[in-house]
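S.K.: Quick one: the structure is below, and I'll ask about it shortly.
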Amino acid sequence: MRAILIILIGLTFQTRCSQMNSDLKVEYSLTANEVKTLDSIFNRERKDFDFNGKVIGFAVGNTGTQIESKKIFFEKYIDPVVEGKSQNVCSLIILTKDEISKSGGFDAVIMSPAKILTTEHRDKLFNELSALTKSVQEKENYEVIKNVDLNHDFLVNSVSTFKGYFYFGSDESFHYFTAKWDFKKNRYFKISKSDLILIEPLGFGTKEIKVSLIQSDTVFGYNDSNKLYIEN
């Protein structure tokens with residue numbers, strides 16, 4: 001009986017990991033052209049590592065611990081190299097089996113020029129990737145908002161335990177948000193891209209931005225009924 005239980009636990013864990021890797025590949029897959037570009041740019045550093053079919057993370061910041069979207073990273077650091085406007089100054093970190101496990105399924109990370117990359121920062125990077133992996137896995141928990149009314153969905157709340165509304169990124173179909181509370185369960189919801197236009201959408205899970213209906217210096221997004229602003 002114990003042996004059967006161990007087998008069942010193993011199969012459940014294997015199925016969850018397989019699903020998690022599948023979700024990651026949907027979010028962080030590379031196109032054929034991107035694979036060819038990265039294989040060429042990192043020809044020496046990668047040795048026998050092939051970008052094809054791999055899950056690749058992108059990190060920026062002085063310590064290389066801030067996750068960035070693939071789109072923005074390519075625009076800032078990869079495209080200028082391809083266009084001959086700059087030399088490659090990015091680093092390729094190929095993860096070990098243990099690090100792949102710690103990160104939640106990433107095979108490698110491409111990092112913008114980092115001034116410092118200590119063991120502590122490296123561990124923090126893996127923690128950030130792991131958190132991102134979990135958030136990708138939990139996408140199904142986001143409720144779809146239909147008949148979007150920004151005045152209702154982002155209601156100004158003065159209750160002291162309410163922490164605010166936070167944008168968590170976008171994918172091909174939706175923008176993802178969380179309404180956070182101190183002593184209450186957070187609410188996770190998503191809005192179709194056709195129902196809300198964002199000024200600068202980000203990849204899912206790369207950055208969290210606090211937004212509200214209260215007017216500030218920066219417009220975040222809009223639809224026919226109202227505007228959202230980045231909260232200062």
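The way I read the labels, and the way they are meant: chains A, B, ... in the order of the structure tokens, residue 1 as the first residue of every chain, and ligand 1 as the first ligand shown, with later ones counted on from there.
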Report as a ChimeraX atom specification all protein, DNA and RNA residues lying within 8 Å of range 153-167 of chain A, evaluated on only C-alpha atoms, omitting residues in the same chain fewer than 2 positions from it.
M.R.: /A:148-151,169,175-183,208-214
S.K.: Please save C-alpha atoms of the selected residues as a short mmCIF file (atom, residue, chain, number, x, y, z; two decimals), in the first residue's frame.
M.R.:
```
data_model
loop_
_atom_site.label_atom_id
_atom_site.label_comp_id
_atom_site.auth_asym_id
_atom_site.auth_seq_id
_atom_site.Cartn_x
_atom_site.Cartn_y
_atom_site.Cartn_z
CA VAL A 148 -15.91 46.18 -18.28
CA ASP A 149 -16.71 49.32 -16.31
CA LEU A 150 -13.51 50.83 -14.91
CA ASN A 151 -15.47 52.91 -12.39
CA GLY A 169 1.28 41.94 -16.92
CA HIS A 175 -4.38 42.01 -18.94
CA TYR A 176 -4.02 40.62 -15.38
CA PHE A 177 -4.81 42.48 -12.14
CA THR A 178 -4.96 41.83 -8.41
CA ALA A 179 -6.95 43.71 -5.77
CA LYS A 180 -4.94 43.31 -2.56
CA TRP A 181 -6.06 43.44 1.08
CA ASP A 182 -4.23 43.15 4.41
CA PHE A 183 -6.73 40.89 6.16
CA GLU A 208 3.95 44.74 -10.74
CA ILE A 209 2.47 48.23 -11.13
CA LYS A 210 -0.02 49.89 -8.78
CA VAL A 211 -2.88 51.54 -10.67
CA SER A 212 -6.06 53.45 -9.84
CA LEU A 213 -8.72 55.80 -11.16
CA ILE A 214 -7.18 58.69 -9.24
#
```
S.K.: Name the residues in contact with range 62-77 of chain A at a cut-off of 6 Å, using only C-alpha atoms, excluding same-chain residues fewer than 6 positions from it; report them as a list in words.
M.R.: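 Here the qualifying residues turn out to be Ala114, Lys115, Ile116, Leu117, Leu125, Gly203 and Thr206 of chain A.
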S.K.: Output as a list of chain:residue names all residues of range 102-154 of chain A that backbone DSSP marks as strand (DSSP E or B).
M.R.: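 Across range 102-154 of chain A, those assigned strand (DSSP E or B) are A:Ala108, A:Val109, A:Ile110, A:Met111, A:Glu143, A:Val144, A:Ile145.
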S.K.: Save the residues we just selected, N, CA and C atoms, as a PDB file, in the first residue's frame?
M.R.:
```pdb
ATOM      1  N   ALA A 108      17.702  28.703 -18.848  1.00  0.00           N
ATOM      2  CA  ALA A 108      18.799  29.677 -18.892  1.00  0.00           C
ATOM      3  C   ALA A 108      18.239  31.071 -18.661  1.00  0.00           C
ATOM      4  N   VAL A 109      19.143  31.987 -18.333  1.00  0.00           N
ATOM      5  CA  VAL A 109      18.766  33.390 -18.144  1.00  0.00           C
ATOM      6  C   VAL A 109      19.750  34.257 -18.918  1.00  0.00           C
ATOM      7  N   ILE A 110      19.205  35.218 -19.659  1.00  0.00           N
ATOM      8  CA  ILE A 110      20.054  36.205 -20.332  1.00  0.00           C
ATOM      9  C   ILE A 110      19.963  37.489 -19.523  1.00  0.00           C
ATOM     10  N   MET A 111      21.112  37.996 -19.148  1.00  0.00           N
ATOM     11  CA  MET A 111      21.157  39.126 -18.233  1.00  0.00           C
ATOM     12  C   MET A 111      21.802  40.339 -18.890  1.00  0.00           C
ATOM     13  N   GLU A 143     -10.264  35.646 -12.570  1.00  0.00           N
ATOM     14  CA  GLU A 143     -11.639  35.728 -13.052  1.00  0.00           C
ATOM     15  C   GLU A 143     -11.723  36.686 -14.246  1.00  0.00           C
ATOM     16  N   VAL A 144     -12.426  36.275 -15.267  1.00  0.00           N
ATOM     17  CA  VAL A 144     -12.605  37.122 -16.448  1.00  0.00           C
ATOM     18  C   VAL A 144     -13.669  38.174 -16.162  1.00  0.00           C
ATOM     19  N   ILE A 145     -13.334  39.438 -16.376  1.00  0.00           N
ATOM     20  CA  ILE A 145     -14.288  40.531 -16.214  1.00  0.00           C
ATOM     21  C   ILE A 145     -14.929  40.836 -17.564  1.00  0.00           C
TER      22      ILE A 145
END
```
S.K.: One decimal, Å: what's the distance from CA of Ser135 in chain A over to CA of Gly205 in chain A, could you say?
M.R.: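 These two atoms are separated by 6.9 Å.
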S.K.: Hey, can you check how far CA of Ile191 in chain A sits from CA of His152 in chain A?
M.R.: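 It comes out at 13.1 Å.
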S.K.: Show which residues sit within 7 Å of Gly221 in chain A, as a list in words. Count only C-alpha atoms, and ignore same-chain residues fewer than 6 positions away.
M.R.: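 In the requested format, the answer is Leu196, Ile197, Leu198, Ile199, Lys227, Leu228 and Tyr229 of chain A.
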S.K.: Write the residues of the preceding selection, restricted to C-alpha atoms, as a short mmCIF file (atom, residue, chain, number, x, y, z; two decimals), in the first residue's frame.
M.R.:
```cif
data_model
loop_
_atom_site.label_atom_id
_atom_site.label_comp_id
_atom_site.auth_asym_id
_atom_site.auth_seq_id
_atom_site.Cartn_x
_atom_site.Cartn_y
_atom_site.Cartn_z
CA LEU A 196 -8.82 47.90 -22.11
CA ILE A 197 -6.03 49.62 -24.02
CA LEU A 198 -2.74 49.93 -22.13
CA ILE A 199 -0.12 52.57 -22.94
CA LYS A 227 -8.90 56.05 -17.69
CA LEU A 228 -6.53 54.28 -15.32
CA TYR A 229 -3.44 55.99 -13.93
#
```
S.K.: Which of these, A:Asp79, A:Lys185, A:Asp195, A:Lys207, has the shortest distance to Leu129 in chain A once you count only C-alpha atoms?
M.R.: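 Counting only C-alpha atoms, the residue closest to Leu129 in chain A is A:Lys207.
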S.K.: Suppose you want the space between CA of Ala131 in chain A and CA of Ile100 in chain A; what is it in Å?
M.R.: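 Answer for the CA of Ala131 in chain A to CA of Ile100 in chain A separation: 13.2 Å.
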S.K.: Can you work out which one of A:Asn141, A:Asn223, A:Ser173, A:Ser216 has the shortest atom-to-atom distance to Phe189 in chain A, counting only C-alpha atoms?
M.R.: A:Asn141
S.K.: Run DSSP on the backbone of this structure and report the residues of range 1-229 of chain A it assigns to alpha helix (DSSP H), as an mmCIF file with C-alpha atoms, in the first residue's frame.
M.R.:
```cif
data_model
loop_
_atom_site.group_PDB
_atom_site.id
_atom_site.type_symbol
_atom_site.label_atom_id
_atom_site.label_comp_id
_atom_site.auth_asym_id
_atom_site.auth_seq_id
_atom_site.Cartn_x
_atom_site.Cartn_y
_atom_site.Cartn_z
ATOM 1 C CA ARG A 2 2.817 2.372 0.895
ATOM 2 C CA ALA A 3 4.565 1.639 -2.422
ATOM 3 C CA ILE A 4 1.370 2.464 -4.330
ATOM 4 C CA LEU A 5 1.014 5.725 -2.394
ATOM 5 C CA ILE A 6 4.614 6.721 -3.180
ATOM 6 C CA ILE A 7 4.040 5.973 -6.878
ATOM 7 C CA LEU A 8 0.842 8.061 -6.911
ATOM 8 C CA ILE A 9 2.594 10.998 -5.223
ATOM 9 C CA GLY A 10 5.427 10.728 -7.739
ATOM 10 C CA LEU A 11 3.032 10.675 -10.673
ATOM 11 C CA THR A 12 1.113 13.682 -9.315
ATOM 12 C CA PHE A 13 4.337 15.665 -8.868
ATOM 13 C CA GLN A 14 5.567 14.667 -12.328
ATOM 14 C CA THR A 15 2.255 15.675 -13.925
ATOM 15 C CA ARG A 16 2.298 19.072 -12.135
ATOM 16 C CA CYS A 17 5.897 19.743 -13.207
ATOM 17 C CA SER A 18 5.076 18.756 -16.782
ATOM 18 C CA GLN A 19 2.080 21.121 -16.810
ATOM 19 C CA MET A 20 4.167 23.885 -15.248
ATOM 20 C CA ASN A 21 6.886 23.479 -17.886
ATOM 21 C CA SER A 22 4.207 23.503 -20.594
ATOM 22 C CA ASP A 23 2.742 26.744 -19.250
ATOM 23 C CA LEU A 24 6.205 28.295 -19.063
ATOM 24 C CA LYS A 25 7.002 27.367 -22.639
ATOM 25 C CA VAL A 26 3.819 29.048 -23.816
ATOM 26 C CA GLU A 27 4.797 32.238 -21.966
ATOM 27 C CA TYR A 28 8.557 32.206 -22.556
ATOM 28 C CA ALA A 32 12.685 30.510 -34.820
ATOM 29 C CA ASN A 33 14.322 33.867 -35.618
ATOM 30 C CA GLU A 34 14.943 34.594 -31.921
ATOM 31 C CA VAL A 35 16.560 31.173 -31.481
ATOM 32 C CA LYS A 36 18.814 31.785 -34.486
ATOM 33 C CA THR A 37 19.753 35.256 -33.205
ATOM 34 C CA LEU A 38 20.608 34.129 -29.678
ATOM 35 C CA ASP A 39 22.488 31.057 -30.910
ATOM 36 C CA SER A 40 24.618 33.398 -33.016
ATOM 37 C CA ILE A 41 25.152 36.128 -30.397
ATOM 38 C CA ASN A 43 27.993 31.290 -30.052
ATOM 39 C CA ARG A 44 31.047 31.011 -27.776
ATOM 40 C CA GLU A 45 29.380 31.217 -24.377
ATOM 41 C CA ARG A 46 26.679 28.639 -25.040
ATOM 42 C CA LYS A 70 11.309 39.239 -23.649
ATOM 43 C CA LYS A 71 9.922 41.997 -25.894
ATOM 44 C CA ILE A 72 11.475 44.868 -23.948
ATOM 45 C CA PHE A 73 14.751 43.020 -23.407
ATOM 46 C CA ASP A 79 18.067 44.230 -31.493
ATOM 47 C CA PRO A 80 20.848 46.898 -31.320
ATOM 48 C CA VAL A 81 23.431 44.108 -31.606
ATOM 49 C CA VAL A 82 21.637 42.589 -34.606
ATOM 50 C CA LYS A 97 19.695 20.747 -13.050
ATOM 51 C CA ASP A 98 19.432 21.924 -9.456
ATOM 52 C CA GLU A 99 19.042 25.551 -10.542
ATOM 53 C CA ILE A 100 16.416 24.601 -13.135
ATOM 54 C CA SER A 101 14.456 22.994 -10.303
ATOM 55 C CA LYS A 102 14.894 26.033 -8.028
ATOM 56 C CA SER A 103 13.751 28.407 -10.759
ATOM 57 C CA THR A 119 25.833 34.221 -4.820
ATOM 58 C CA GLU A 120 23.151 36.016 -2.829
ATOM 59 C CA HIS A 121 21.952 37.878 -5.909
ATOM 60 C CA ARG A 122 22.007 34.670 -7.943
ATOM 61 C CA ASP A 123 19.804 32.966 -5.346
ATOM 62 C CA LYS A 124 17.444 35.963 -5.366
ATOM 63 C CA LEU A 125 17.201 35.698 -9.153
ATOM 64 C CA PHE A 126 16.158 32.049 -8.878
ATOM 65 C CA ASN A 127 13.567 32.990 -6.248
ATOM 66 C CA GLU A 128 12.140 35.643 -8.592
ATOM 67 C CA LEU A 129 11.974 33.115 -11.428
ATOM 68 C CA SER A 130 10.312 30.580 -9.124
ATOM 69 C CA ALA A 131 7.684 33.140 -8.086
ATOM 70 C CA LEU A 132 7.079 33.918 -11.752
ATOM 71 C CA THR A 133 6.656 30.214 -12.515
ATOM 72 C CA LYS A 134 4.057 29.854 -9.775
ATOM 73 C CA SER A 135 2.148 32.885 -11.019
ATOM 74 C CA VAL A 136 2.042 31.421 -14.528
ATOM 75 C CA GLN A 137 0.703 28.181 -13.072
ATOM 76 C CA LEU A 150 -13.511 50.827 -14.913
ATOM 77 C CA ASN A 151 -15.474 52.908 -12.392
ATOM 78 C CA HIS A 152 -16.840 49.684 -10.926
ATOM 79 C CA ASP A 153 -13.919 47.298 -11.403
#
```
S.K.: Would you mind telling me which residue in A:Lys85, A:Asn232, A:Phe42, A:Phe51 lies nearest to Gln215 in chain A when using only C-alpha atoms?
M.R.: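 Checking each of A:Lys85, A:Asn232, A:Phe42, A:Phe51 against Gln215 in chain A, counting only C-alpha atoms, the winner is A:Asn232.
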S.K.: Give me, as a list in words, all polymer residues having an atom no more than 7 Å from Phe106 in chain A, counting only C-alpha atoms and skipping those fewer than 6 positions away in the same chain.
M.R.: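 My list of contacting residues is Val55, Ile56, Gly57 and Ile100 of chain A.
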